[in-house]
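K.L.:
Sharing model.pdb (PDB, C-alpha atoms and all ligand atoms) below.
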ATOM      1  CA  MET A   1     -42.104 -25.373   6.789
ATOM      2  CA  GLN A   2     -38.825 -23.706   5.969
ATOM      3  CA  PRO A   3     -36.480 -24.162   8.955
ATOM      4  CA  LEU A   4     -34.571 -21.272  10.533
ATOM      5  CA  SER A   5     -31.212 -20.483   8.960
ATOM      6  CA  GLU A   6     -28.095 -19.932  11.043
ATOM      7  CA  GLU A   7     -28.419 -16.213  10.376
ATOM      8  CA  ASP A   8     -32.059 -16.292  11.488
ATOM      9  CA  LYS A   9     -30.982 -17.908  14.738
ATOM     10  CA  ALA A  10     -28.378 -15.191  15.236
ATOM     11  CA  ILE A  11     -30.765 -12.325  14.443
ATOM     12  CA  TYR A  12     -33.603 -13.641  16.615
ATOM     13  CA  GLU A  13     -31.425 -14.982  19.427
ATOM     14  CA  TRP A  14     -32.939 -12.649  22.033
ATOM     15  CA  GLN A  15     -36.516 -13.673  21.293
ATOM     16  CA  LEU A  16     -35.867 -17.391  20.839
ATOM     17  CA  SER A  17     -35.553 -17.488  24.613
ATOM     18  CA  VAL A  18     -38.971 -15.894  25.203
ATOM     19  CA  PRO A  19     -40.927 -18.576  27.112
ATOM     20  CA  GLY A  20     -43.764 -19.982  25.031
ATOM     21  CA  PHE A  21     -42.406 -18.494  21.812
ATOM     22  CA  GLY A  22     -39.050 -20.125  21.166
ATOM     23  CA  GLU A  23     -37.822 -21.715  17.950
ATOM     24  CA  LYS A  24     -41.300 -23.055  17.211
ATOM     25  CA  GLY A  25     -42.817 -19.571  17.250
ATOM     26  CA  GLN A  26     -39.951 -18.148  15.249
ATOM     27  CA  THR A  27     -40.324 -20.839  12.591
ATOM     28  CA  ILE A  28     -44.043 -20.062  12.298
ATOM     29  CA  LEU A  29     -43.282 -16.360  11.766
ATOM     30  CA  ARG A  30     -40.502 -17.167   9.283
ATOM     31  CA  ASN A  31     -43.102 -19.064   7.227
ATOM     32  CA  SER A  32     -45.880 -16.498   7.593
ATOM     33  CA  THR A  33     -47.068 -13.669   5.375
ATOM     34  CA  ALA A  34     -48.662 -10.547   6.827
ATOM     35  CA  LEU A  35     -50.669  -8.001   4.887
ATOM     36  CA  VAL A  36     -50.635  -4.452   6.246
ATOM     37  CA  SER A  37     -53.199  -1.995   4.957
ATOM     38  CA  ARG A  38     -51.574   1.448   4.956
ATOM     39  CA  CYS A  39     -48.151   1.953   6.330
ATOM     40  CA  GLY A  40     -48.498   5.370   7.946
ATOM     41  CA  GLY A  41     -48.461   6.416  11.591
ATOM     42  CA  LEU A  42     -49.929   3.110  12.720
ATOM     43  CA  GLY A  43     -49.010   0.765   9.899
ATOM     44  CA  GLY A  44     -45.401   1.998   9.737
ATOM     45  CA  PRO A  45     -44.285   1.094  13.260
ATOM     46  CA  LEU A  46     -46.497  -1.997  13.060
ATOM     47  CA  THR A  47     -44.740  -3.183   9.893
ATOM     48  CA  PHE A  48     -41.359  -2.358  11.403
ATOM     49  CA  GLN A  49     -42.138  -4.622  14.356
ATOM     50  CA  LEU A  50     -43.341  -7.421  12.080
ATOM     51  CA  ALA A  51     -40.060  -7.141  10.175
ATOM     52  CA  ALA A  52     -38.084  -7.129  13.415
ATOM     53  CA  ALA A  53     -40.034 -10.130  14.681
ATOM     54  CA  GLY A  54     -39.060 -12.100  11.577
ATOM     55  CA  PHE A  55     -42.130 -12.544   9.400
ATOM     56  CA  GLY A  56     -41.101 -14.292   6.190
ATOM     57  CA  LYS A  57     -43.059 -11.971   3.945
ATOM     58  CA  LEU A  58     -44.721  -8.593   4.313
ATOM     59  CA  ILE A  59     -47.236  -7.236   1.834
ATOM     60  CA  ILE A  60     -47.822  -3.527   2.283
ATOM     61  CA  ALA A  61     -50.551  -1.579   0.522
ATOM     62  CA  HIS A  62     -50.213   2.175   0.669
ATOM     63  CA  GLY A  63     -50.874   4.593  -2.178
ATOM     64  CA  GLY A  64     -49.790   8.170  -2.769
ATOM     65  CA  ASN A  65     -46.661  10.265  -2.483
ATOM     66  CA  LEU A  66     -44.869  11.212   0.716
ATOM     67  CA  LYS A  67     -45.721  14.619   2.216
ATOM     68  CA  HIS A  68     -44.026  16.701   4.899
ATOM     69  CA  SER A  69     -47.016  16.214   7.200
ATOM     70  CA  ASP A  70     -46.449  12.429   7.167
ATOM     71  CA  LEU A  71     -43.056  12.662   8.812
ATOM     72  CA  ASN A  72     -44.181  13.201  12.425
ATOM     73  CA  ARG A  73     -45.370   9.596  12.683
ATOM     74  CA  GLN A  74     -44.735   7.544   9.522
ATOM     75  CA  ILE A  75     -41.412   6.119  10.665
ATOM     76  CA  LEU A  76     -40.735   3.892   7.651
ATOM     77  CA  MET A  77     -40.613   6.990   5.457
ATOM     78  CA  ARG A  78     -37.444   8.876   4.563
ATOM     79  CA  TYR A  79     -36.887  12.587   4.131
ATOM     80  CA  ASP A  80     -35.339  12.055   0.713
ATOM     81  CA  GLY A  81     -38.526  10.286  -0.324
ATOM     82  CA  LEU A  82     -40.627  13.464  -0.153
ATOM     83  CA  GLY A  83     -42.778  13.836  -3.238
ATOM     84  CA  LYS A  84     -42.122  10.226  -4.281
ATOM     85  CA  PRO A  85     -44.344   7.160  -3.757
ATOM     86  CA  ARG A  86     -44.466   6.157  -0.098
ATOM     87  CA  THR A  87     -43.878   2.550  -1.129
ATOM     88  CA  GLU A  88     -40.329   3.500  -2.277
ATOM     89  CA  SER A  89     -39.397   4.727   1.199
ATOM     90  CA  ILE A  90     -41.054   1.714   2.824
ATOM     91  CA  GLU A  91     -39.187  -0.760   0.652
ATOM     92  CA  GLN A  92     -35.841   0.989   1.083
ATOM     93  CA  THR A  93     -36.134   1.211   4.876
ATOM     94  CA  LEU A  94     -37.207  -2.410   5.299
ATOM     95  CA  LYS A  95     -34.548  -3.775   2.938
ATOM     96  CA  GLN A  96     -31.829  -1.907   4.811
ATOM     97  CA  PHE A  97     -33.194  -3.107   8.115
ATOM     98  CA  ASN A  98     -33.376  -6.779   7.172
ATOM     99  CA  PRO A  99     -32.799  -7.974   3.595
ATOM    100  CA  ASN A 100     -33.876 -11.524   4.512
ATOM    101  CA  ILE A 101     -37.516 -10.503   4.679
ATOM    102  CA  GLU A 102     -39.472 -10.609   1.463
ATOM    103  CA  VAL A 103     -41.287  -7.330   0.951
ATOM    104  CA  GLU A 104     -44.053  -6.764  -1.566
ATOM    105  CA  THR A 105     -45.329  -3.221  -1.816
ATOM    106  CA  VAL A 106     -48.507  -2.154  -3.544
ATOM    107  CA  ASN A 107     -48.619   1.485  -4.555
ATOM    108  CA  SER A 108     -52.331   1.680  -3.912
ATOM    109  CA  ASN A 109     -54.649   1.590  -0.939
ATOM    110  CA  ILE A 110     -56.984  -1.340  -0.366
ATOM    111  CA  ASN A 111     -59.880  -1.177  -2.809
ATOM    112  CA  GLU A 112     -62.555  -3.341  -4.421
ATOM    113  CA  GLU A 113     -60.110  -4.482  -7.122
ATOM    114  CA  ASN A 114     -57.182  -5.613  -4.982
ATOM    115  CA  ALA A 115     -58.676  -6.611  -1.589
ATOM    116  CA  GLU A 116     -59.529 -10.218  -2.413
ATOM    117  CA  GLU A 117     -56.179 -11.101  -3.952
ATOM    118  CA  LEU A 118     -54.101  -9.359  -1.277
ATOM    119  CA  VAL A 119     -55.963 -10.998   1.595
ATOM    120  CA  ARG A 120     -55.691 -14.363  -0.154
ATOM    121  CA  LYS A 121     -51.884 -14.138  -0.133
ATOM    122  CA  ALA A 122     -51.711 -13.424   3.607
ATOM    123  CA  ASP A 123     -51.862 -15.585   6.723
ATOM    124  CA  ILE A 124     -52.810 -12.589   8.833
ATOM    125  CA  VAL A 125     -54.081  -9.119   8.062
ATOM    126  CA  PHE A 126     -53.290  -5.909   9.930
ATOM    127  CA  ASP A 127     -55.564  -2.985   9.266
ATOM    128  CA  ALA A 128     -54.273   0.514   9.949
ATOM    129  CA  ALA A 129     -56.212   2.476   7.331
ATOM    130  CA  PRO A 130     -57.704   5.905   8.014
ATOM    131  CA  LEU A 131     -60.873   5.492   5.966
ATOM    132  CA  PHE A 132     -63.770   3.367   7.096
ATOM    133  CA  GLN A 133     -64.476   2.318   3.497
ATOM    134  CA  GLU A 134     -61.058   0.603   3.391
ATOM    135  CA  ARG A 135     -61.429  -0.888   6.856
ATOM    136  CA  PHE A 136     -64.869  -2.276   6.072
ATOM    137  CA  LEU A 137     -63.584  -3.790   2.844
ATOM    138  CA  MET A 138     -60.666  -5.418   4.645
ATOM    139  CA  ASN A 139     -62.955  -6.714   7.386
ATOM    140  CA  GLN A 140     -65.403  -8.110   4.836
ATOM    141  CA  GLU A 141     -62.647  -9.855   2.899
ATOM    142  CA  ALA A 142     -60.963 -11.252   6.017
ATOM    143  CA  VAL A 143     -64.280 -12.695   7.223
ATOM    144  CA  LYS A 144     -65.030 -14.129   3.777
ATOM    145  CA  GLN A 145     -61.640 -15.828   3.582
ATOM    146  CA  ASN A 146     -61.553 -16.785   7.268
ATOM    147  CA  LYS A 147     -58.325 -14.893   7.926
ATOM    148  CA  PRO A 148     -57.377 -13.344  11.274
ATOM    149  CA  LEU A 149     -57.520  -9.560  11.240
ATOM    150  CA  ILE A 150     -55.951  -7.215  13.761
ATOM    151  CA  ASP A 151     -57.649  -3.845  13.503
ATOM    152  CA  ALA A 152     -55.839  -0.819  14.930
ATOM    153  CA  ALA A 153     -57.107   2.741  15.225
ATOM    154  CA  MET A 154     -56.311   6.000  16.991
ATOM    155  CA  TYR A 155     -57.427   9.543  17.638
ATOM    156  CA  ASN A 156     -55.532  12.230  19.513
ATOM    157  CA  MET A 157     -53.968  10.502  22.555
ATOM    158  CA  GLU A 158     -56.203   7.422  22.421
ATOM    159  CA  GLY A 159     -56.080   4.213  20.469
ATOM    160  CA  GLN A 160     -57.757   0.857  20.136
ATOM    161  CA  VAL A 161     -56.801  -2.606  18.945
ATOM    162  CA  ILE A 162     -59.331  -5.324  18.111
ATOM    163  CA  PRO A 163     -58.267  -8.898  17.283
ATOM    164  CA  ILE A 164     -60.889 -10.264  14.889
ATOM    165  CA  ILE A 165     -61.161 -13.997  14.299
ATOM    166  CA  PRO A 166     -64.037 -14.779  11.900
ATOM    167  CA  GLY A 167     -66.684 -16.944  13.507
ATOM    168  CA  LYS A 168     -65.122 -16.578  16.930
ATOM    169  CA  THR A 169     -65.172 -12.855  17.734
ATOM    170  CA  PRO A 170     -67.251  -9.852  16.694
ATOM    171  CA  CYS A 171     -66.064  -8.218  13.474
ATOM    172  CA  LEU A 172     -65.580  -4.536  12.686
ATOM    173  CA  ASN A 173     -69.049  -4.248  11.174
ATOM    174  CA  CYS A 174     -70.570  -5.630  14.365
ATOM    175  CA  LEU A 175     -69.189  -2.545  16.124
ATOM    176  CA  TYR A 176     -69.675  -0.001  13.367
ATOM    177  CA  PRO A 177     -72.636  -0.934  11.139
ATOM    178  CA  GLU A 178     -72.158   2.157   8.965
ATOM    179  CA  ILE A 179     -69.582   4.778   8.098
ATOM    180  CA  PRO A 180     -69.433   7.147  11.072
ATOM    181  CA  PRO A 181     -70.799  10.504   9.947
ATOM    182  CA  HIS A 182     -68.369  12.579  12.040
ATOM    183  CA  TRP A 183     -65.133  10.847  11.086
ATOM    184  CA  LYS A 184     -62.582  13.145   9.443
ATOM    185  CA  ARG A 185     -59.557  11.953   7.509
ATOM    186  CA  GLN A 186     -57.185  14.255   9.394
ATOM    187  CA  PHE A 187     -57.069  14.218  13.182
ATOM    188  CA  PRO A 188     -54.661  15.173  15.965
ATOM    189  CA  VAL A 189     -51.957  12.614  16.785
ATOM    190  CA  ILE A 190     -48.372  12.355  18.044
ATOM    191  CA  GLY A 191     -46.159   9.661  16.509
ATOM    192  CA  ALA A 192     -45.317   8.080  19.858
ATOM    193  CA  LEU A 193     -49.020   7.402  20.430
ATOM    194  CA  SER A 194     -49.537   5.812  17.022
ATOM    195  CA  ALA A 195     -46.441   3.668  17.613
ATOM    196  CA  LEU A 196     -47.789   2.589  21.011
ATOM    197  CA  VAL A 197     -51.033   1.391  19.443
ATOM    198  CA  ALA A 198     -49.118  -0.226  16.562
ATOM    199  CA  ASN A 199     -46.923  -2.208  18.924
ATOM    200  CA  VAL A 200     -49.920  -3.585  20.785
ATOM    201  CA  ALA A 201     -51.451  -4.637  17.451
ATOM    202  CA  ALA A 202     -48.204  -6.294  16.311
ATOM    203  CA  LEU A 203     -47.943  -8.214  19.559
ATOM    204  CA  GLU A 204     -51.529  -9.462  19.397
ATOM    205  CA  GLY A 205     -50.934 -10.682  15.842
ATOM    206  CA  ILE A 206     -47.664 -12.407  16.734
ATOM    207  CA  LYS A 207     -49.281 -14.088  19.743
ATOM    208  CA  HIS A 208     -52.239 -15.253  17.670
ATOM    209  CA  LEU A 209     -50.109 -16.791  14.927
ATOM    210  CA  THR A 210     -47.636 -18.486  17.217
ATOM    211  CA  GLY A 211     -50.115 -19.458  19.916
ATOM    212  CA  PHE A 212     -48.503 -18.083  23.013
ATOM    213  CA  GLY A 213     -49.734 -15.691  25.699
ATOM    214  CA  THR A 214     -53.343 -14.521  25.885
ATOM    215  CA  VAL A 215     -54.762 -12.793  22.853
ATOM    216  CA  GLN A 216     -57.653 -10.466  23.699
ATOM    217  CA  TYR A 217     -60.225 -12.272  21.568
ATOM    218  CA  GLY A 218     -63.677 -10.706  21.833
ATOM    219  CA  LYS A 219     -62.230  -7.588  23.402
ATOM    220  CA  MET A 220     -61.242  -4.105  22.373
ATOM    221  CA  ILE A 221     -57.962  -3.002  23.893
ATOM    222  CA  TYR A 222     -58.421   0.678  24.638
ATOM    223  CA  LEU A 223     -55.310   2.750  25.274
ATOM    224  CA  ASN A 224     -55.155   6.270  26.621
ATOM    225  CA  GLY A 225     -51.769   7.938  26.311
ATOM    226  CA  LEU A 226     -52.805  10.884  28.465
ATOM    227  CA  ASP A 227     -53.035   8.872  31.667
ATOM    228  CA  MET A 228     -51.377   5.675  30.377
ATOM    229  CA  SER A 229     -54.429   3.558  31.090
ATOM    230  CA  MET A 230     -55.313   0.409  29.202
ATOM    231  CA  THR A 231     -58.870  -0.913  29.337
ATOM    232  CA  LYS A 232     -59.986  -4.235  27.951
ATOM    233  CA  ILE A 233     -63.602  -3.937  26.866
ATOM    234  CA  LYS A 234     -65.718  -6.996  26.212
ATOM    235  CA  ILE A 235     -67.334  -6.473  22.823
ATOM    236  CA  GLU A 236     -70.425  -8.175  21.437
ATOM    237  CA  ARG A 237     -71.256  -9.402  17.997
ATOM    238  CA  ALA A 238     -74.277  -7.844  16.341
ATOM    239  CA  LYS A 239     -76.789 -10.583  15.610
ATOM    240  CA  ASP A 240     -77.823  -8.803  12.411
ATOM    241  CA  CYS A 241     -74.245  -8.055  11.256
ATOM    242  CA  LYS A 242     -74.317  -8.168   7.466
ATOM    243  CA  VAL A 243     -70.702  -9.358   7.319
ATOM    244  CA  CYS A 244     -70.329 -12.102   9.922
ATOM    245  CA  SER A 245     -73.731 -13.127  11.327
ATOM    246  CA  HIS A 246     -73.983 -16.126   8.923
ATOM    247  CA  LEU A 247     -70.939 -17.668  10.636
ATOM    248  CA  PHE A 248     -72.870 -17.989  13.889
ATOM    249  CA  ASP A 249     -76.108 -19.559  12.556
TER
ATOM    250  CA  MET B 250     -78.660   7.901  41.170
ATOM    251  CA  LYS B 251     -75.008   8.660  40.463
ATOM    252  CA  THR B 252     -73.355   7.650  37.165
ATOM    253  CA  THR B 253     -69.816   8.304  35.960
ATOM    254  CA  PHE B 254     -69.579   9.100  32.261
ATOM    255  CA  ILE B 255     -66.353   8.740  30.318
ATOM    256  CA  PHE B 256     -66.055  10.550  26.996
ATOM    257  CA  THR B 257     -63.453   9.369  24.511
ATOM    258  CA  SER B 258     -61.683  10.840  21.474
ATOM    259  CA  GLN B 259     -63.959  13.099  19.371
ATOM    260  CA  LEU B 260     -66.579  13.268  22.082
ATOM    261  CA  ALA B 261     -64.041  14.323  24.718
ATOM    262  CA  ALA B 262     -62.750  16.995  22.332
ATOM    263  CA  ALA B 263     -66.285  18.297  21.700
ATOM    264  CA  ALA B 264     -67.255  18.242  25.381
ATOM    265  CA  GLY B 265     -63.961  19.700  26.622
ATOM    266  CA  CYS B 266     -63.691  17.020  29.317
ATOM    267  CA  ASP B 267     -63.300  13.264  29.460
ATOM    268  CA  LYS B 268     -65.044  12.330  32.707
ATOM    269  CA  ILE B 269     -68.102  13.600  34.551
ATOM    270  CA  CYS B 270     -70.262  12.442  37.435
ATOM    271  CA  PHE B 271     -73.980  12.930  36.791
ATOM    272  CA  GLU B 272     -77.014  12.629  39.059
ATOM    273  CA  SER B 273     -80.314  11.348  37.691
ATOM    274  CA  GLU B 274     -83.570   9.738  38.799
ATOM    275  CA  ALA B 275     -83.363   5.974  39.334
ATOM    276  CA  GLY B 276     -85.229   3.853  36.780
ATOM    277  CA  GLU B 277     -84.571   6.092  33.775
ATOM    278  CA  THR B 278     -83.010   4.654  30.636
ATOM    279  CA  LEU B 279     -79.421   5.469  29.761
ATOM    280  CA  LEU B 280     -80.707   7.239  26.642
ATOM    281  CA  LYS B 281     -82.854   9.602  28.712
ATOM    282  CA  ILE B 282     -80.077  10.250  31.241
ATOM    283  CA  THR B 283     -77.582  10.949  28.460
ATOM    284  CA  ARG B 284     -79.989  13.355  26.771
ATOM    285  CA  ALA B 285     -80.242  15.304  30.028
ATOM    286  CA  LEU B 286     -76.467  15.224  30.442
ATOM    287  CA  ALA B 287     -75.854  16.401  26.868
ATOM    288  CA  LYS B 288     -77.911  19.554  27.461
ATOM    289  CA  ASN B 289     -74.923  20.866  29.429
ATOM    290  CA  TYR B 290     -72.714  20.748  26.344
ATOM    291  CA  LYS B 291     -72.445  22.259  22.878
ATOM    292  CA  ALA B 292     -74.577  21.035  19.989
ATOM    293  CA  LYS B 293     -71.593  19.077  18.624
ATOM    294  CA  VAL B 294     -71.805  16.694  21.601
ATOM    295  CA  ASN B 295     -75.447  15.991  20.747
ATOM    296  CA  ASP B 296     -74.548  15.550  17.070
ATOM    297  CA  ILE B 297     -71.957  12.924  17.913
ATOM    298  CA  LEU B 298     -74.047  11.036  20.460
ATOM    299  CA  PHE B 299     -77.469  10.961  18.870
ATOM    300  CA  SER B 300     -79.047  10.226  15.542
ATOM    301  CA  ASP B 301     -82.762  11.123  15.358
ATOM    302  CA  ASP B 302     -84.115  10.240  18.791
ATOM    303  CA  LYS B 303     -81.668   7.409  19.554
ATOM    304  CA  PHE B 304     -77.981   6.834  20.169
ATOM    305  CA  SER B 305     -76.017   7.048  16.941
ATOM    306  CA  PRO B 306     -75.423   3.537  15.470
ATOM    307  CA  THR B 307     -71.670   4.204  15.506
ATOM    308  CA  ILE B 308     -71.424   5.134  19.194
ATOM    309  CA  MET B 309     -70.251   2.205  21.271
ATOM    310  CA  VAL B 310     -71.766   2.171  24.733
ATOM    311  CA  VAL B 311     -69.770   0.397  27.434
ATOM    312  CA  VAL B 312     -71.268  -0.103  30.889
ATOM    313  CA  ASN B 313     -68.884  -1.236  33.620
ATOM    314  CA  GLY B 314     -66.395  -2.588  31.072
ATOM    315  CA  ASN B 315     -68.855  -4.458  28.852
ATOM    316  CA  GLN B 316     -70.278  -3.287  25.568
ATOM    317  CA  VAL B 317     -74.061  -2.936  25.641
ATOM    318  CA  LEU B 318     -75.930  -3.804  22.455
ATOM    319  CA  ASP B 319     -79.415  -2.612  23.425
ATOM    320  CA  LYS B 320     -77.988   0.784  24.261
ATOM    321  CA  ASN B 321     -81.244   2.698  23.841
ATOM    322  CA  ASP B 322     -83.124   0.686  26.436
ATOM    323  CA  VAL B 323     -80.454  -0.126  29.000
ATOM    324  CA  LEU B 324     -81.195   0.594  32.668
ATOM    325  CA  LEU B 325     -78.307   1.429  34.971
ATOM    326  CA  ASN B 326     -77.542   0.496  38.533
ATOM    327  CA  GLU B 327     -76.286   3.005  41.101
ATOM    328  CA  ASP B 328     -72.628   3.994  40.588
ATOM    329  CA  SER B 329     -72.342   2.615  37.069
ATOM    330  CA  GLU B 330     -69.544   3.714  34.799
ATOM    331  CA  VAL B 331     -70.622   4.471  31.241
ATOM    332  CA  MET B 332     -68.019   4.905  28.526
ATOM    333  CA  PHE B 333     -68.946   6.292  25.122
ATOM    334  CA  ILE B 334     -66.500   5.180  22.457
ATOM    335  CA  THR B 335     -66.566   7.252  19.326
ATOM    336  CA  PRO B 336     -65.116   5.816  16.115
ATOM    337  CA  MET B 337     -61.430   6.167  15.316
ATOM    338  CA  ALA B 338     -59.181   4.873  12.554
ATOM    339  CA  GLY B 339     -55.587   4.629  11.340
ATOM    340  CA  GLY B 340     -53.593   7.241   9.498
TER
HETATM  341 ZN    ZN A 401     -69.815  -8.860  12.356
END
Is it possible to give me this structure as structure tokens?

P.N.:
Amino acid sequence: MQPLSEEDKAIYEWQLSVPGFGEKGQTILRNSTALVSRCGGLGGPLTFQLAAAGFGKLIIAHGGNLKHSDLNRQILMRYDGLGKPRTESIEQTLKQFNPNIEVETVNSNINEENAEELVRKADIVFDAAPLFQERFLMNQEAVKQNKPLIDAAMYNMEGQVIPIIPGKTPCLNCLYPEIPPHWKRQFPVIGALSALVANVAALEGIKHLTGFGTVQYGKMIYLNGLDMSMTKIKIERAKDCKVCSHLFD
Amino acid sequence: MKTTFIFTSQLAAAAGCDKICFESEAGETLLKITRALAKNYKAKVNDILFSDDKFSPTIMVVVNGNQVLDKNDVLLNEDSEVMFITPMAGG
């Protein structure tokens, strides 16, 4: 493992004193690679927190060009990036924030062609994609490669985070065996809510990798921004899940 | 028998409320109670909750904080809290 540099120690000084995390946790993050699927309202603040926490490498997959309607929540984007690939804004923002973090951007969303290779390069996967096809693909690949997956989702003033550890917890397909017929690509959301959900997801991932605190394995963390409630729901694996049931035989 | 129902995300939007207390006969399945409850709401609520004559496969049913897998056959106790979680995603 690559040890922390003097600059690392200076940058992360305030979190090196977090009980249970410390230099050991920081060194693990410094040597870890996270893959984030889509870097929008959820994935943007999530990636920002992973960068702030000191992950060694971030791989970010997000296709398409930046639109005005992205700017209420996609905080890694930049106004002068309108009409240009989102990955340009993402790279620029992260490099200015902390040039010591290696950033690999992929100007494409997760798909059948790139999922396997991208997951293979990562120690942990964060899923913040709006389409169930992408989320299912990511879930399937993470289970296949035995990689931890933190799935984050939102709608209106509500959000959910599910830490998925293959063979230990239910997977996304256990909960949603098919593409939900009523799901629409565009939905109501305020950026502060997506950032709230993103931060919970980032924290669960950091805790899992570094082994401190209590990760909500086997639970869905359900957040409601209207009344600021947080519910931890015990979730069950589907015995006939076509993605993960073979791991429990 | 009294049951508290919590609607989330798309379901709350379709129903126009996120929490309701509902009275039903003891011994009825959750599916039957929910069908009776859904009659008070617009067709969209039924569309989200049900597929054919069962709960939709993508509706998560949570009873007193625990997900229930056999959601179509579950029997409730007095004063249960049932939460319907509709799918959501990133964006
Ligand atoms: Zn599964």

K.L.:
Could the residues that lie within 12 Å of ligand ZN 401 (chain A), counting all atoms listed in the file, be listed as a VMD selection string?

P.N.:
chain A and resid 136 139 to 144 164 to 178 218 235 to 248

K.L.:
Choose the residue, out of B:Leu260, B:Ala287, B:Ala275, B:Val323, that has the smallest atom-to-atom separation from chain A; count all atoms listed in the file.

P.N.:
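Comparing B:Leu260, B:Ala287, B:Ala275, B:Val323 against chain A, the winner is B:Leu260.
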
K.L.:
Of the candidates A:Gly25, A:Gly211, A:Gly159, A:Pro3, which shows the shortest atom-to-atom distance to chain B, using all atoms listed in the file?

P.N.:
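Answer, going by the shortest atom-to-atom distance: A:Gly159.
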
K.L.:
Would you kindly report the residues of chain B within 10 Å of chain A, using all atoms listed in the file, as a ChimeraX atom specification?

P.N.:
/B:257-259,262,293,296-297,300,305-318,334-340

K.L.:
With C-alpha atoms retained, could you export that selection as a tab-separated table (two decimals), keeping the file's coordinate frame?

P.N.:
chain	number	residue	atom	x	y	z
B	257	THR	CA	-63.45	9.37	24.51
B	258	SER	CA	-61.68	10.84	21.47
B	259	GLN	CA	-63.96	13.10	19.37
B	262	ALA	CA	-62.75	17.00	22.33
B	293	LYS	CA	-71.59	19.08	18.62
B	296	ASP	CA	-74.55	15.55	17.07
B	297	ILE	CA	-71.96	12.92	17.91
B	300	SER	CA	-79.05	10.23	15.54
B	305	SER	CA	-76.02	7.05	16.94
B	306	PRO	CA	-75.42	3.54	15.47
B	307	THR	CA	-71.67	4.20	15.51
B	308	ILE	CA	-71.42	5.13	19.19
B	309	MET	CA	-70.25	2.20	21.27
B	310	VAL	CA	-71.77	2.17	24.73
B	311	VAL	CA	-69.77	0.40	27.43
B	312	VAL	CA	-71.27	-0.10	30.89
B	313	ASN	CA	-68.88	-1.24	33.62
B	314	GLY	CA	-66.40	-2.59	31.07
B	315	ASN	CA	-68.86	-4.46	28.85
B	316	GLN	CA	-70.28	-3.29	25.57
B	317	VAL	CA	-74.06	-2.94	25.64
B	318	LEU	CA	-75.93	-3.80	22.46
B	334	ILE	CA	-66.50	5.18	22.46
B	335	THR	CA	-66.57	7.25	19.33
B	336	PRO	CA	-65.12	5.82	16.11
B	337	MET	CA	-61.43	6.17	15.32
B	338	ALA	CA	-59.18	4.87	12.55
B	339	GLY	CA	-55.59	4.63	11.34
B	340	GLY	CA	-53.59	7.24	9.50

K.L.:
Enclose all atoms of region 294-307 of chain B listed in the file in an axis-aligned box, grow every side by 6 Å, and hand back centre and edge lengths in Å to one decimal, as JSON.

P.N.:
{"center_x": -77.9, "center_y": 10.1, "center_z": 18.5, "size_x": 24.4, "size_y": 25.2, "size_z": 18.2}

K.L.:
I need the output of the PyMOL selection byres (((chain B and resi 278) around 6) and not hetatm) for this file as a list in words; which residues are they?

P.N.:
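That selection, the PyMOL selection byres (((chain B and resi 278) around 6) and not hetatm), comes back as Glu277, Leu279, Leu280, Lys281, Asp322, Val323 and Leu324 of chain B.
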
K.L.:
Go ahead and dump the residues you just picked, C-alpha atoms, as a PDB file, in the frame of the given file.

P.N.:
ATOM      1  CA  GLU B 277     -84.571   6.092  33.775  1.00  0.00           C
ATOM      2  CA  LEU B 279     -79.421   5.469  29.761  1.00  0.00           C
ATOM      3  CA  LEU B 280     -80.707   7.239  26.642  1.00  0.00           C
ATOM      4  CA  LYS B 281     -82.854   9.602  28.712  1.00  0.00           C
ATOM      5  CA  ASP B 322     -83.124   0.686  26.436  1.00  0.00           C
ATOM      6  CA  VAL B 323     -80.454  -0.126  29.000  1.00  0.00           C
ATOM      7  CA  LEU B 324     -81.195   0.594  32.668  1.00  0.00           C
TER       8      LEU B 324
END

K.L.:
Take CA of Met250 (chain B) and CA of Ala263 (chain B) and report the distance between them in Å, one decimal.

P.N.:
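Taking CA of Met250 (chain B) and CA of Ala263 (chain B), their separation equals 25.3 Å.
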
K.L.:
How many Å lie between CA of Phe212 (chain A) and CA of Gly191 (chain A), rounded to one decimal?

P.N.:
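A separation of 28.6 Å between them.
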
K.L.:
Have a look at CA of Arg78 (chain A) and CA of Gly63 (chain A) and let me know their distance in Å, one decimal.

P.N.:
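Taking CA of Arg78 (chain A) as the start and CA of Gly63 (chain A) as the end point, the length is 15.6 Å.
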
K.L.:
From the set B:Ile269, B:Ala264, B:Ala292, B:Phe304, which residue has the shortest atom-to-atom contact distance to Glu330 (chain B), counting all atoms listed in the file?

P.N.:
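Checking each of B:Ile269, B:Ala264, B:Ala292, B:Phe304 against Glu330 (chain B), counting all atoms listed in the file, the winner is B:Ile269.
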